[in-house]
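Peer 1: Sharing coords-v1.cif (mmCIF, C-alpha atoms) below.
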data_run
#
loop_
_atom_site.label_atom_id
_atom_site.label_comp_id
_atom_site.auth_asym_id
_atom_site.auth_seq_id
_atom_site.Cartn_x
_atom_site.Cartn_y
_atom_site.Cartn_z
CA MET A 29 20.81 -0.32 11.09
CA ARG A 30 17.40 0.85 12.20
CA GLY A 31 16.99 4.60 12.37
CA GLY A 32 20.42 5.30 10.96
CA TYR A 33 20.61 3.89 7.45
CA ARG A 34 19.53 6.31 4.74
CA GLY A 35 20.91 4.82 1.54
CA PRO A 36 22.28 6.80 -1.40
CA ALA A 37 20.89 10.29 -1.69
CA ALA A 38 18.74 11.03 -4.71
CA LYS A 39 20.50 13.24 -7.25
CA ASP A 40 17.80 15.23 -9.00
CA LYS A 41 18.16 18.33 -11.05
CA PRO A 42 16.70 21.31 -9.14
CA SER A 43 14.08 21.96 -11.81
CA SER A 44 12.72 18.42 -11.77
CA ARG A 45 12.61 18.31 -7.98
CA ARG A 46 10.85 21.70 -7.94
CA GLY A 47 8.24 20.35 -10.31
CA ARG A 48 7.61 17.34 -8.13
CA ILE A 49 7.28 19.49 -5.03
CA ILE A 50 4.67 21.77 -6.60
CA GLY A 51 2.83 18.61 -7.54
CA LEU A 52 2.82 17.65 -3.88
CA ALA A 53 0.97 20.81 -2.98
CA LEU A 54 -1.63 20.49 -5.74
CA ALA A 55 -2.07 16.73 -5.88
CA PRO A 56 -4.48 16.41 -2.91
CA ILE A 57 -6.76 18.96 -4.63
CA LEU A 58 -6.51 17.46 -8.12
CA THR A 59 -6.51 13.76 -7.24
CA VAL A 60 -10.28 13.24 -7.24
CA GLY A 61 -10.61 14.70 -10.72
CA ALA A 62 -7.51 12.91 -11.96
CA LEU A 63 -8.89 9.58 -10.76
CA PHE A 64 -11.41 9.42 -13.55
CA ALA A 65 -8.97 10.43 -16.29
CA MET A 66 -6.07 8.12 -15.35
CA PRO A 67 -6.00 4.34 -15.01
CA THR A 68 -4.52 4.15 -11.52
CA VAL A 69 -4.08 7.28 -9.45
CA ALA A 70 -4.82 7.50 -5.77
CA VAL A 71 -3.50 8.28 -2.36
CA ALA A 72 -4.15 5.78 0.38
CA VAL A 73 -6.15 7.51 3.08
CA GLU A 74 -5.66 5.92 6.47
CA ASN A 75 -8.67 6.40 8.70
CA SER A 76 -6.63 6.89 11.86
CA THR A 77 -5.51 9.57 14.25
CA PRO A 78 -1.77 10.09 14.79
CA ASN A 79 -0.54 9.33 18.28
CA GLU A 80 2.85 9.74 19.87
CA ARG A 81 5.79 8.02 18.21
CA SER A 82 5.98 4.36 19.14
CA PRO A 83 9.11 2.80 20.56
CA THR A 84 11.47 0.66 18.52
CA VAL A 85 9.98 -2.75 17.71
CA THR A 86 11.32 -5.65 19.75
CA THR A 87 10.48 -9.34 19.79
CA VAL A 88 7.32 -9.98 21.79
CA ALA A 89 7.68 -13.63 22.84
CA ALA A 90 9.17 -14.38 26.24
CA PRO A 91 12.86 -15.33 26.06
CA THR A 92 13.23 -19.05 25.34
CA ALA A 93 16.01 -21.39 24.26
CA TYR A 94 15.51 -20.86 20.56
CA GLU A 95 15.85 -17.08 20.93
CA ALA A 96 19.49 -17.56 21.89
CA SER A 97 20.13 -18.46 18.25
CA CYS A 98 19.42 -16.53 15.05
CA LEU A 99 16.29 -14.72 16.28
CA ALA A 100 18.29 -12.71 18.76
CA ASP A 101 20.62 -11.58 15.98
CA LEU A 102 17.69 -10.47 13.80
CA ALA A 103 15.92 -8.29 16.37
CA PRO A 104 14.37 -5.80 15.85
CA TYR A 105 13.76 -6.80 12.22
CA LEU A 106 11.92 -9.98 13.22
CA GLU A 107 8.91 -9.85 15.53
CA ARG A 108 6.95 -12.86 16.76
CA LEU A 109 3.18 -12.39 16.64
CA ASP A 110 1.91 -15.51 18.42
CA ASP A 111 2.41 -16.95 21.91
CA GLY A 112 4.18 -20.17 20.92
CA GLU A 113 7.65 -21.24 22.01
CA ASP A 114 8.68 -23.65 19.28
CA VAL A 115 8.71 -22.61 15.62
CA GLN A 116 6.42 -24.74 13.42
CA ASN A 117 5.17 -24.14 9.88
CA PRO A 118 6.39 -20.52 10.01
CA VAL A 119 4.45 -17.77 8.24
CA LEU A 120 6.33 -14.50 7.70
CA LEU A 121 4.46 -11.22 7.11
CA VAL A 122 6.25 -8.42 5.23
CA HIS A 123 4.75 -4.91 5.28
CA GLY A 124 4.91 -2.31 2.53
CA TRP A 125 6.08 1.21 1.77
CA LEU A 126 5.74 3.74 4.64
CA SER A 127 4.18 0.99 6.74
CA THR A 128 5.14 -1.01 9.82
CA ALA A 129 4.75 -4.40 11.48
CA GLU A 130 3.86 -2.72 14.77
CA SER A 131 0.46 -3.64 16.11
CA THR A 132 0.61 -1.63 19.33
CA GLU A 133 -1.64 1.31 20.14
CA GLY A 134 1.37 3.60 20.15
CA ALA A 135 1.93 3.48 16.38
CA GLU A 136 1.85 7.09 15.25
CA ILE A 137 0.55 6.88 11.70
CA SER A 138 -0.79 3.36 11.32
CA SER A 139 -0.49 -0.01 12.95
CA SER A 140 0.37 -3.16 11.07
CA PRO A 141 -2.10 -3.83 8.24
CA PHE A 142 -1.99 -7.50 9.21
CA SER A 143 -3.40 -6.80 12.70
CA ARG A 144 -6.49 -4.82 11.70
CA ASP A 145 -9.92 -6.23 12.43
CA VAL A 146 -11.85 -7.36 9.36
CA LEU A 147 -14.81 -5.08 8.62
CA TRP A 148 -16.57 -5.99 5.38
CA THR A 149 -16.70 -8.05 2.21
CA SER A 150 -16.13 -6.88 -1.35
CA ASP A 151 -19.86 -6.20 -1.81
CA ASN A 152 -19.73 -3.88 1.23
CA THR A 153 -21.65 -6.17 3.59
CA ASP A 154 -20.48 -6.63 7.18
CA ALA A 155 -17.90 -9.36 7.79
CA ASP A 156 -19.04 -12.39 9.76
CA ASP A 157 -15.51 -13.11 11.00
CA ILE A 158 -13.80 -9.95 12.25
CA ARG A 159 -10.53 -11.61 13.30
CA SER A 160 -7.45 -10.00 11.76
CA LEU A 161 -5.28 -11.86 9.29
CA GLN A 162 -2.58 -12.49 11.86
CA GLU A 163 -5.17 -13.88 14.30
CA ARG A 164 -6.58 -16.18 11.61
CA LEU A 165 -3.09 -17.42 10.74
CA ALA A 166 -2.15 -18.00 14.39
CA ALA A 167 -5.30 -20.13 14.74
CA LEU A 168 -4.08 -22.58 12.05
CA PRO A 169 -2.80 -25.86 13.54
CA ASP A 170 0.88 -25.87 14.51
CA THR A 171 1.57 -22.48 12.93
CA SER A 172 4.03 -19.80 14.04
CA VAL A 173 3.47 -16.24 12.82
CA PHE A 174 6.26 -13.70 12.49
CA ALA A 175 6.53 -10.21 10.99
CA PHE A 176 9.55 -8.72 9.26
CA ASP A 177 9.73 -5.05 10.21
CA TYR A 178 11.80 -2.56 8.24
CA SER A 179 9.67 0.49 9.09
CA SER A 180 12.65 2.64 10.03
CA ILE A 181 13.76 2.68 6.38
CA ALA A 182 10.47 1.88 4.63
CA ALA A 183 10.36 5.26 2.86
CA LEU A 184 13.51 4.34 0.94
CA TRP A 185 13.71 2.17 -2.16
CA VAL A 186 14.25 -1.45 -1.10
CA GLY A 187 17.01 -1.86 -3.69
CA HIS A 188 19.14 0.79 -1.92
CA THR A 189 18.96 -0.56 1.63
CA ALA A 190 19.91 -3.53 3.79
CA THR A 191 16.28 -4.67 3.69
CA ALA A 192 16.70 -7.57 1.24
CA PRO A 193 19.70 -9.23 2.95
CA ALA A 194 17.99 -8.91 6.34
CA LEU A 195 14.79 -10.43 4.92
CA ALA A 196 16.78 -13.31 3.40
CA GLY A 197 18.39 -13.85 6.80
CA ALA A 198 14.99 -13.92 8.50
CA ILE A 199 13.75 -16.59 6.09
CA GLU A 200 16.84 -18.74 6.64
CA CYS A 201 16.53 -18.32 10.42
CA LEU A 202 12.89 -19.46 10.54
CA ALA A 203 13.65 -22.39 8.25
CA GLU A 204 16.59 -23.39 10.48
CA LEU A 205 14.52 -23.26 13.66
CA SER A 206 11.52 -25.11 12.24
CA GLY A 207 13.13 -27.49 9.77
CA GLN A 208 10.32 -26.49 7.38
CA ASP A 209 9.72 -24.14 4.48
CA VAL A 210 8.64 -20.59 5.27
CA ASP A 211 5.36 -19.27 3.83
CA ILE A 212 5.49 -15.53 3.14
CA ILE A 213 2.74 -12.92 2.79
CA ALA A 214 3.98 -9.58 1.45
CA HIS A 215 2.00 -6.36 1.12
CA SER A 216 2.71 -3.69 -1.51
CA MET A 217 6.45 -2.83 -1.71
CA GLY A 218 7.10 -5.74 0.65
CA GLY A 219 6.63 -7.99 -2.38
CA LEU A 220 9.40 -6.14 -4.22
CA ALA A 221 11.66 -6.45 -1.17
CA LEU A 222 10.99 -10.19 -1.25
CA ARG A 223 11.96 -10.43 -4.93
CA PHE A 224 15.28 -8.79 -4.07
CA ALA A 225 15.70 -11.16 -1.09
CA LEU A 226 15.15 -14.26 -3.24
CA GLY A 227 17.39 -13.21 -6.14
CA GLY A 228 20.97 -12.27 -6.85
CA SER A 229 23.48 -13.16 -4.15
CA ASN A 230 20.63 -14.35 -1.91
CA GLY A 231 19.43 -16.91 -4.48
CA GLY A 232 20.10 -19.91 -2.22
CA VAL A 233 17.38 -18.83 0.18
CA THR A 234 14.65 -19.97 -2.24
CA GLU A 235 15.06 -23.57 -1.09
CA HIS A 236 13.61 -22.50 2.26
CA VAL A 237 10.51 -20.80 0.82
CA GLY A 238 7.10 -22.45 0.56
CA GLN A 239 4.07 -20.45 -0.61
CA VAL A 240 4.45 -16.76 -1.46
CA ILE A 241 1.37 -14.51 -1.40
CA THR A 242 1.65 -10.93 -2.60
CA VAL A 243 -1.08 -8.41 -1.82
CA ALA A 244 -1.28 -5.26 -3.98
CA THR A 245 2.41 -5.45 -4.92
CA PRO A 246 3.30 -3.02 -7.76
CA GLU A 247 5.17 -5.61 -9.83
CA GLU A 248 5.16 -3.24 -12.81
CA GLY A 249 5.00 -0.03 -10.80
CA SER A 250 2.32 2.42 -9.73
CA ASP A 251 1.01 5.23 -11.89
CA ILE A 252 0.50 7.55 -8.91
CA ALA A 253 4.15 8.70 -8.94
CA ASN A 254 4.01 9.35 -12.67
CA ASN A 255 0.82 11.38 -12.27
CA VAL A 256 2.21 13.52 -9.46
CA LEU A 257 5.26 14.29 -11.57
CA THR A 258 3.02 15.30 -14.47
CA ILE A 259 0.98 17.58 -12.23
CA GLY A 260 4.18 18.97 -10.71
CA GLY A 261 5.67 19.81 -14.10
CA ALA A 262 2.51 21.60 -15.19
CA ALA A 263 2.39 23.53 -11.92
CA GLN A 264 6.03 24.57 -12.27
CA THR A 265 5.29 26.06 -15.67
CA ALA A 266 2.21 27.85 -14.33
CA PHE A 267 4.00 29.37 -11.33
CA ALA A 268 7.20 30.19 -13.28
CA SER A 269 10.60 30.60 -11.71
CA THR A 270 9.75 33.73 -9.72
CA SER A 271 7.39 31.97 -7.34
CA VAL A 272 8.60 32.02 -3.73
CA LEU A 273 6.21 29.15 -3.01
CA ALA A 274 7.82 27.03 -5.73
CA ASN A 275 11.43 27.87 -4.97
CA VAL A 276 11.66 28.35 -1.22
CA VAL A 277 8.72 27.37 0.96
CA LEU A 278 7.63 23.99 -0.41
CA PRO A 279 11.14 22.63 -1.06
CA ALA A 280 12.06 23.40 2.57
CA VAL A 281 8.95 21.73 4.00
CA VAL A 282 9.14 18.67 1.76
CA GLY A 283 12.88 18.30 2.26
CA ILE A 284 12.54 18.33 6.05
CA CYS A 285 9.63 15.88 5.94
CA ASN A 286 11.38 13.42 3.64
CA THR A 287 14.52 13.52 5.78
CA GLU A 288 12.40 12.48 8.75
CA LEU A 289 10.53 9.82 6.77
CA GLU A 290 13.74 8.32 5.44
CA SER A 291 15.18 8.02 8.93
CA ASP A 292 11.98 6.56 10.39
CA ALA A 293 8.94 5.99 8.16
CA ARG A 294 6.71 5.52 11.20
CA SER A 295 6.85 9.17 12.20
CA GLY A 296 5.07 10.67 9.20
CA CYS A 297 6.13 14.26 10.02
CA ASP A 298 2.98 14.62 12.17
CA ILE A 299 0.86 15.05 9.03
CA PRO A 300 -2.15 13.11 7.69
CA PRO A 301 -1.23 9.87 5.87
CA SER A 302 -2.53 11.09 2.48
CA VAL A 303 -0.29 14.19 2.54
CA ARG A 304 2.61 12.14 3.90
CA THR A 305 2.32 9.72 0.97
CA ILE A 306 2.22 12.53 -1.59
CA MET A 307 5.32 14.14 -0.09
CA ALA A 308 7.18 10.83 0.02
CA ILE A 309 6.67 10.39 -3.72
CA ALA A 310 9.31 13.09 -4.19
CA GLY A 311 11.75 10.90 -2.27
CA ASP A 312 13.83 7.86 -3.09
CA GLY A 313 11.17 5.16 -2.76
CA GLY A 314 8.43 7.11 -4.49
CA GLN A 315 10.53 7.80 -7.57
CA ALA A 316 11.56 4.16 -7.85
CA LEU A 317 7.92 3.03 -7.75
CA GLN A 318 7.02 4.92 -10.93
CA THR A 319 5.72 2.70 -13.69
CA GLY A 320 8.63 1.96 -16.00
CA SER A 321 11.30 3.32 -13.64
CA ALA A 322 14.91 2.22 -14.06
CA GLN A 323 14.91 0.89 -10.49
CA LEU A 324 12.04 -1.49 -11.21
CA GLN A 325 14.05 -3.00 -14.05
CA THR A 326 16.75 -4.08 -11.59
CA ILE A 327 14.49 -6.34 -9.52
CA PRO A 328 15.12 -10.08 -10.01
CA GLU A 329 12.22 -12.10 -11.43
CA TRP A 330 10.35 -14.48 -9.16
CA PRO A 331 12.32 -17.77 -8.94
CA SER A 332 10.69 -20.47 -11.07
CA ASP A 333 10.59 -22.93 -8.17
CA VAL A 334 8.67 -20.58 -5.83
CA PRO A 335 4.84 -20.59 -6.19
CA VAL A 336 3.47 -17.04 -6.18
CA HIS A 337 -0.20 -16.26 -5.52
CA ALA A 338 -1.18 -12.63 -6.13
CA VAL A 339 -4.08 -10.75 -4.51
CA ALA A 340 -5.36 -7.53 -6.07
CA GLY A 341 -8.09 -4.98 -5.41
CA ASP A 342 -10.28 -4.01 -8.35
CA TYR A 343 -12.65 -1.06 -8.05
CA ARG A 344 -15.14 -0.66 -10.88
CA ILE A 345 -16.99 2.61 -10.53
CA HIS A 346 -19.93 3.56 -12.74
CA LEU A 347 -19.47 7.33 -12.95
CA THR A 348 -22.29 9.62 -14.05
CA VAL A 349 -21.70 13.37 -14.12
CA GLY A 350 -24.04 16.08 -15.37
CA LEU A 351 -23.17 19.27 -17.20
CA LEU A 352 -24.84 21.12 -14.30
CA PRO A 353 -24.95 20.43 -10.56
CA ALA A 354 -27.45 17.68 -9.76
CA PRO A 355 -30.38 19.93 -8.63
CA ALA A 356 -30.00 22.23 -11.65
CA LEU A 357 -29.64 19.29 -14.04
CA GLU A 358 -32.79 17.63 -12.73
CA ALA A 359 -34.69 20.90 -13.12
CA ALA A 360 -33.38 21.33 -16.67
CA GLN A 361 -34.33 17.74 -17.54
CA SER A 362 -37.84 18.29 -16.17
CA PHE A 363 -38.25 21.49 -18.19
CA ALA A 364 -36.92 19.86 -21.37
CA GLY A 365 -39.36 17.00 -20.88
CA PHE A 366 -42.30 19.34 -21.52
CA PHE A 367 -41.01 19.72 -25.08
CA GLY A 368 -40.27 16.05 -25.57
CA LEU A 369 -36.55 16.63 -25.25
CA GLY A 370 -33.98 14.87 -23.10
CA ILE A 371 -30.74 16.01 -21.50
CA ALA A 372 -28.22 13.23 -21.09
CA PRO A 373 -25.44 13.27 -18.49
CA LEU A 374 -22.16 14.73 -19.69
CA VAL A 375 -20.19 11.66 -18.50
CA ASP A 376 -21.48 8.09 -18.29
CA MET A 377 -18.62 5.60 -18.05
CA ILE A 378 -17.00 2.80 -16.08
CA VAL A 379 -13.64 3.63 -14.48
CA GLU A 380 -11.31 0.90 -13.24
CA PRO A 381 -8.63 2.37 -10.93
CA GLY A 382 -7.53 -0.95 -9.42
CA ASP A 383 -6.96 -0.57 -5.69
CA GLY A 384 -6.28 3.15 -6.10
CA ILE A 385 -2.50 2.78 -5.89
CA VAL A 386 -1.80 -0.32 -7.99
CA GLY A 387 -3.66 -1.56 -11.06
CA VAL A 388 -4.81 -5.17 -11.32
CA ALA A 389 -2.41 -5.98 -14.16
CA SER A 390 0.56 -4.69 -12.16
CA ALA A 391 -0.50 -6.46 -8.95
CA THR A 392 -0.90 -9.84 -10.67
CA ALA A 393 2.04 -9.74 -13.12
CA GLY A 394 4.29 -12.79 -12.92
CA ALA A 395 2.05 -14.72 -10.51
CA ASP A 396 1.16 -18.40 -10.87
CA SER A 397 -2.34 -17.86 -9.49
CA GLN A 398 -4.42 -14.90 -8.42
CA PHE A 399 -7.42 -13.65 -6.49
CA VAL A 400 -9.00 -10.35 -7.44
CA ALA A 401 -11.36 -8.70 -4.99
CA GLN A 402 -13.90 -6.77 -7.06
CA CYS A 403 -15.89 -3.85 -5.69
CA GLU A 404 -18.58 -2.36 -7.93
CA LEU A 405 -19.95 1.07 -7.04
CA ASP A 406 -22.23 3.70 -8.55
CA ALA A 407 -20.99 7.28 -8.40
CA ASP A 408 -24.06 9.08 -9.73
CA TRP A 409 -23.33 12.78 -9.43
CA SER A 410 -26.07 13.73 -11.88
CA THR A 411 -28.98 13.30 -9.44
CA VAL A 412 -29.61 14.54 -5.92
CA ALA A 413 -30.35 11.02 -4.68
CA GLY A 414 -27.20 9.66 -6.31
CA THR A 415 -25.03 12.41 -4.84
CA GLU A 416 -26.40 11.71 -1.36
CA ALA A 417 -25.81 7.98 -1.81
CA TRP A 418 -22.21 8.60 -2.86
CA GLY A 419 -21.68 10.72 0.24
CA ALA A 420 -22.92 7.83 2.39
CA ILE A 421 -20.46 5.48 0.65
CA ILE A 422 -17.57 7.85 1.42
CA ASP A 423 -18.58 8.06 5.08
CA GLU A 424 -18.80 4.30 5.42
CA ALA A 425 -15.55 3.65 3.55
CA GLY A 426 -13.55 6.19 5.55
CA GLY A 427 -12.36 7.83 2.34
CA ILE A 428 -13.27 8.40 -1.29
CA PRO A 429 -13.20 5.08 -3.16
CA PRO A 430 -10.78 3.87 -4.36
CA PHE A 431 -8.91 5.67 -1.56
CA GLY A 432 -11.01 3.90 1.05
CA GLY A 433 -13.30 0.90 1.25
CA PRO A 434 -12.92 -2.88 0.94
CA CYS A 435 -10.89 -2.89 -2.29
CA ALA A 436 -8.56 0.00 -1.45
CA HIS A 437 -4.80 -0.54 -1.35
CA ASP A 438 -4.35 -0.10 2.40
CA SER A 439 -7.71 -1.64 3.32
CA LEU A 440 -7.47 -5.01 1.58
CA PHE A 441 -6.67 -6.76 4.86
CA VAL A 442 -9.98 -5.61 6.35
CA ASN A 443 -11.79 -7.29 3.45
CA GLN A 444 -12.99 -10.74 4.55
CA ASP A 445 -12.86 -12.09 0.99
CA VAL A 446 -9.15 -11.28 0.85
CA VAL A 447 -8.36 -12.72 4.29
CA ASP A 448 -10.36 -15.87 3.54
CA ASP A 449 -8.42 -16.39 0.31
CA ILE A 450 -5.02 -15.87 1.98
CA VAL A 451 -5.75 -18.26 4.83
CA ALA A 452 -7.15 -20.90 2.46
CA THR A 453 -4.10 -20.59 0.18
CA ILE A 454 -1.69 -21.06 3.09
CA ALA A 455 -3.66 -24.03 4.44
CA ALA A 456 -3.84 -25.69 1.01
CA SER A 457 -0.09 -25.38 0.45
CA ARG A 458 0.73 -27.68 3.38
#
Once more with this new file: its structure as structure tokens, please.

Peer 2:
Amino acid sequence: MRGGYRGPAAKDKPSSRRGRIIGLALAPILTVGALFAMPTVAVAVENSTPNERSPTVTTVAAPTAYEASCLADLAPYLERLDDGEDVQNPVLLVHGWLSTAESTEGAEISSSPFSRDVLWTSDNTDADDIRSLQERLAALPDTSVFAFDYSSIAALWVGHTATAPALAGAIECLAELSGQDVDIIAHSMGGLALRFALGGSNGGVTEHVGQVITVATPEEGSDIANNVLTIGGAAQTAFASTSVLANVVLPAVVGICNTELESDARSGCDIPPSVRTIMAIAGDGGQALQTGSAQLQTIPEWPSDVPVHAVAGDYRIHLTVGLLPAPALEAAQSFAGFFGLGIAPLVDMIVEPGDGIVGVASATAGADSQFVAQCELDADWSTVAGTEAWGAIIDEAGGIPPFGGPCAHDSLFVNQDVVDDIVATIAASR
């Protein structure tokens, strides 16, 4: 199935697709401004350099007796991440949209989020335990760590692929080999894949599930797709139907890129992750992830007998913007002061964009318990000192918050507060 399954083709009207595609071209330029006018709009910026395409994922443990059973049938979907031979207290990691379970250096766009070293805490201080989540889990007593990898079709909507049945099979396999329930940690769209895997015709698999932890899963959708469509529609009107850019160039580029993404989401069309994500929104998976989409309504609810713990990122940014650039505003304020007058900033507000991709309410909807990593920042663009400080924050975060930093969608696993909570939740469930 890997590399060959594409799922049903999207059937869009040419005008609506054209609008989305124009939005793809303009969205990277408009996103920063849109951030502060919309509740959750962002593009996850991966601070990595593309390398050559990695090989197909295979199981990493040496062949043993148990591999002659169901694990062999599930390769390459199921990858073992520890050095054990028996399967005990299995923990299964499920990656998200456009992501991968690969942790090798050869991953072209990004390695597994679960394998990244921890860097900081929510208050932006250095972490005192830099071990990755998968390393921390493997260090738990009598614990086996596996990853479910569907990266070859991770650009497609999980309701249109073989992802859910394969995930259900992986859970049943690990339960069979261990004789114990399987704890599952799912990132982003991986949580939606898990809901499909535990519902409908796969409903019987719930008896093999222990603790479920979702991290930044868009249970109610993500506003980023809606916002790109809005921008695309406005751009289509502005360019009109005579634009060669709108009608020929961009549709060709985006169409080729999405064809490649939908056959192997690891490749990324040899483009930066932020642009790759924007382009993929025009595809099958991106459209389904819109807040309020028809596809989201088809996902089964979490089974009542499965405990769900949700983790969310919550940026709270105090934004101050002057009517003039910072140096000119400070000069104007100084001059006005001679006359006993004051010039207030044009904007002085708190914006709450969640983790940049998913809002807190969406990430925690339907959960039995939750942990919200809060990151509070000052974005003072009305003073020279504040502007310089904001630039330092961007450099340290590897992207503009909420696109980068400890509470960003794709960076939550390098936040020690998040990793500590996940490990403690798994340990407490046993």

Peer 1: Pick out the closest residue to Ile450 (chain A) from this set: A:Val400, A:Leu202, A:Cys435, A:Leu369. Count only C-alpha atoms.

Peer 2: A:Val400

Peer 1: Enumerate, in order of chain and increasing residue number, the residues of region 178-252 of chain A with an atom no farther than 9 Å from region 114-129 of chain A, each with its shortest atom pair and distance in Å to one decimal, counting only C-alpha atoms, as CSV.

Peer 2:
residue,atom,partner,partner_atom,distance
A:Tyr178,CA,A:Thr128,CA,7.0
A:Ser179,CA,A:Thr128,CA,4.8
A:Ser180,CA,A:Thr128,CA,8.4
A:Ile181,CA,A:Leu126,CA,8.3
A:Ala182,CA,A:Leu126,CA,5.1
A:Ala183,CA,A:Leu126,CA,5.2
A:Leu184,CA,A:Trp125,CA,8.1
A:Trp185,CA,A:Trp125,CA,8.6
A:Leu195,CA,A:Val122,CA,8.8
A:Ala198,CA,A:Leu120,CA,8.7
A:Ile199,CA,A:Leu120,CA,7.9
A:Leu202,CA,A:Pro118,CA,6.6
A:Ala203,CA,A:Pro118,CA,7.7
A:Leu205,CA,A:Val115,CA,6.2
A:Ser206,CA,A:Val115,CA,5.1
A:Gly207,CA,A:Gln116,CA,8.1
A:Gln208,CA,A:Asn117,CA,6.2
A:Asp209,CA,A:Asn117,CA,7.1
A:Val210,CA,A:Pro118,CA,5.2
A:Asp211,CA,A:Val119,CA,4.7
A:Ile212,CA,A:Leu120,CA,4.7
A:Ile213,CA,A:Leu121,CA,5.0
A:Ala214,CA,A:Val122,CA,4.6
A:His215,CA,A:Gly124,CA,5.2
A:Ser216,CA,A:Gly124,CA,4.8
A:Met217,CA,A:Gly124,CA,4.5
A:Gly218,CA,A:Gly124,CA,4.5
A:Gly219,CA,A:Val122,CA,7.6
A:Leu220,CA,A:Gly124,CA,9.0
A:Ala221,CA,A:Val122,CA,8.6
A:Leu222,CA,A:Val122,CA,8.2
A:Thr245,CA,A:Gly124,CA,8.5

Peer 1: Starting from the shown file, work through the PyMOL selection byres ((chain A and resi 429) around 12) and note down what comes out as a short mmCIF file (atom, residue, chain, number, x, y, z; two decimals) with C-alpha atoms, keeping the file's coordinate frame.

Peer 2:
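See selection-v9.cif below for the written result:
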data_model
loop_
_atom_site.label_atom_id
_atom_site.label_comp_id
_atom_site.auth_asym_id
_atom_site.auth_seq_id
_atom_site.Cartn_x
_atom_site.Cartn_y
_atom_site.Cartn_z
CA THR A 59 -6.51 13.76 -7.24
CA VAL A 60 -10.28 13.24 -7.24
CA LEU A 63 -8.89 9.58 -10.76
CA PHE A 64 -11.41 9.42 -13.55
CA VAL A 69 -4.08 7.28 -9.45
CA ALA A 70 -4.82 7.50 -5.77
CA VAL A 71 -3.50 8.28 -2.36
CA ALA A 72 -4.15 5.78 0.38
CA VAL A 73 -6.15 7.51 3.08
CA ASN A 152 -19.73 -3.88 1.23
CA GLY A 341 -8.09 -4.98 -5.41
CA ASP A 342 -10.28 -4.01 -8.35
CA TYR A 343 -12.65 -1.06 -8.05
CA ARG A 344 -15.14 -0.66 -10.88
CA ILE A 345 -16.99 2.61 -10.53
CA HIS A 346 -19.93 3.56 -12.74
CA LEU A 347 -19.47 7.33 -12.95
CA VAL A 379 -13.64 3.63 -14.48
CA GLU A 380 -11.31 0.90 -13.24
CA PRO A 381 -8.63 2.37 -10.93
CA GLY A 382 -7.53 -0.95 -9.42
CA ASP A 383 -6.96 -0.57 -5.69
CA GLY A 384 -6.28 3.15 -6.10
CA ILE A 385 -2.50 2.78 -5.89
CA CYS A 403 -15.89 -3.85 -5.69
CA GLU A 404 -18.58 -2.36 -7.93
CA LEU A 405 -19.95 1.07 -7.04
CA ASP A 406 -22.23 3.70 -8.55
CA ALA A 407 -20.99 7.28 -8.40
CA TRP A 418 -22.21 8.60 -2.86
CA GLY A 419 -21.68 10.72 0.24
CA ALA A 420 -22.92 7.83 2.39
CA ILE A 421 -20.46 5.48 0.65
CA ILE A 422 -17.57 7.85 1.42
CA ASP A 423 -18.58 8.06 5.08
CA GLU A 424 -18.80 4.30 5.42
CA ALA A 425 -15.55 3.65 3.55
CA GLY A 426 -13.55 6.19 5.55
CA GLY A 427 -12.36 7.83 2.34
CA ILE A 428 -13.27 8.40 -1.29
CA PRO A 430 -10.78 3.87 -4.36
CA PHE A 431 -8.91 5.67 -1.56
CA GLY A 432 -11.01 3.90 1.05
CA GLY A 433 -13.30 0.90 1.25
CA PRO A 434 -12.92 -2.88 0.94
CA CYS A 435 -10.89 -2.89 -2.29
CA ALA A 436 -8.56 0.00 -1.45
CA HIS A 437 -4.80 -0.54 -1.35
CA ASP A 438 -4.35 -0.10 2.40
CA SER A 439 -7.71 -1.64 3.32
#

Peer 1: Could you work out how far CA of Val334 (chain A) lies from CA of Ala167 (chain A), giving the answer in Å with one decimal?

Peer 2: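 Result for CA of Ala167 (chain A) versus CA of Val334 (chain A): 24.9 Å, one decimal.
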
Peer 1: Could you pull the residues within 7 Å of Phe142 (chain A), counting all atoms listed in the file, minus those fewer than 4 positions along the same chain, as number ranges by chain?

Peer 2: A: 160-162, 441

Peer 1: Have a look at A:Ser332, A:Thr171, A:Leu317, A:Asn443 and name the one nearest to Thr153 (chain A); count only C-alpha atoms.

Peer 2: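 Checking each candidate against Thr153 (chain A), we get A:Asn443 as the closest.
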
Peer 1: Name the residues captured by the PyMOL selection byres ((chain A and resi 451) around 10) when it is applied to the shown file; answer as number ranges by chain.

Peer 2: A: 161-162, 164-165, 168, 446-450, 452-456

Peer 1: What would the selection look like, as a list in words, if the PyMOL selection byres ((chain A and resi 355-358) around 12) were run on the coordinates I just shared?

Peer 2: Val349, Gly350, Leu351, Leu352, Pro353, Ala354, Ala359, Ala360, Gln361, Ser362, Phe363, Ala364, Gly365, Gly370, Ile371, Ala372, Pro373, Leu374, Trp409, Ser410, Thr411, Val412, Ala413, Gly414, Thr415 and Glu416 of chain A

Peer 1: Using all atoms listed in the file, collect all residues at a distance of at most 12 Å from (18.5, -20.9, 0.0) as written in the file, then present them as a ChimeraX atom specification.

Peer 2: /A:196-201,203-204,209-210,225-238,331,333-334
